[in-house]
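> Here it is, the structure in full.
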Amino acid sequence: MAQWNPFEDVDALRREIDRAFEGFGSRHAPSERAAFLPGRGPRRYPLINLSEDKDRLYIEALTPGVDPQSLEVSMLQNRLTLAGEKSRIAGEVKPEAFHRSERASGKFVRSVELPVEVDETAIQAEYKNGLLLVTLPKAAKAKPKQITVNVA
Amino acid sequence: MAEKTVATSSQERSTPNREGTRSQERYVTPPVDIYENGDGLVVKADLPGVAKENLDVRVENNLLTIHGKPTHVAPGDSIHREYELVNFFRQFELNERVDRSKISADLKHGVLTLLLPKAEEAKPRKIDVRIN
């Protein structure tokens, strides 16, 4: 008589899920992934790098070929939103005229939750060589404050 | 137009190793669009972060080489990284029918546009067919 073992089923399911997600994550480590922009597919665009120093937060977004007129950087509460449009190739190019088409185009929007409070009035954005550089000064209360230790 | 390097067969392998004797630099292949217009071929390549003076485009022995070095260095300490700006490198073998003396290049907003005009003898010629 065969006995039903619920753990066996759960084990099988678990193995199946593991197989489906095999290698997920590991090869997506940021250090491994390079600046190559496959462009197509449901992924976050633009890719960003975030850095900070004592007074400021810096965001660098990979946005080659974006029409500067279409770039919009906005701030709502603690969310920074980057939006814009990567222009299509100027003029009509017939599909059969393409030898290769690897660059994506179209509208994009991405919101980033900022890790610290920033001074919204003093945010600066620059578009340079296809990189969108946003500099956000930290709010006074988010800056580290040195506390002197009194020796009794 | 054939590609010289074994490029993007799959996107996981987007980092072809360019062998050097000394440098340990990493390279990535920039994505390109290549299409024909009336006069020849247009090549567009995304090279974010590359300034004009750090871009090297050359044609040698029918080999078109695009080599760009992004120079932007993020200030401060990194707290979140999604990409790395490393050097761009890609090669294409050009057809005999490209007029190499008339190739022009333009770099704007991180996108390189190359115009490779067809040689005169390669342009299509209209031949009138007379019907008797």
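How things are named: the first chain in the structure tokens is A, the next is B, and so on; residues count from 1 in each chain; ligands count from 1 in the order shown.
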Would you pick out the contacts of A:Lys107 at 10 Å or less, using only C-alpha atoms, so that residues sharing its chain but fewer than 2 positions from it are not included, and give the list as a ChimeraX atom specification?
/A:45,66,70,83-87,105,109
> Would you save the residues of that selection, restricted to C-alpha atoms, as a PDB file, in the first residue's frame?

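Listed below is the output, selection-v9.pdb:
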```pdb
ATOM      1  CA  TYR A  45      15.825  51.854 -17.036  1.00  0.00           C
ATOM      2  CA  VAL A  66      18.309  60.989 -24.645  1.00  0.00           C
ATOM      3  CA  SER A  70      12.663  65.577 -22.733  1.00  0.00           C
ATOM      4  CA  ALA A  83      11.923  60.630 -16.825  1.00  0.00           C
ATOM      5  CA  GLY A  84      12.764  61.218 -20.441  1.00  0.00           C
ATOM      6  CA  GLU A  85      12.654  59.863 -23.901  1.00  0.00           C
ATOM      7  CA  LYS A  86      15.361  58.195 -25.864  1.00  0.00           C
ATOM      8  CA  SER A  87      14.813  59.318 -29.387  1.00  0.00           C
ATOM      9  CA  SER A 105      14.357  53.667 -27.584  1.00  0.00           C
ATOM     10  CA  VAL A 109      10.492  56.784 -16.022  1.00  0.00           C
TER      11      VAL A 109
END
```
> Can you list, as a list in words, every protein, DNA or RNA residue that comes within 8 Å of B:Ala74 when you count only C-alpha atoms, leaving out same-chain residues fewer than 4 positions away?
Ser51, Tyr58 and Glu60 of chain A; Ser78 of chain B
> With 6 Å as the limit and counting only C-alpha atoms, what residues in chain B lie close to chain A? Please list them as a ChimeraX atom specification.
/B:30-36,46,48-49,76-85,109-111
> Could you please determine the separation between atom CA of B:Val43 and atom CA of B:Val73 in Å, to one decimal place?
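Rounded to one decimal, the two atoms are 27.5 Å apart.
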> Between B:Asn61, B:Asp56, B:Gly40, B:Arg125, which one has atoms that come closest to B:Asp99, using only C-alpha atoms?
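Nearest to B:Asp99: B:Gly40.
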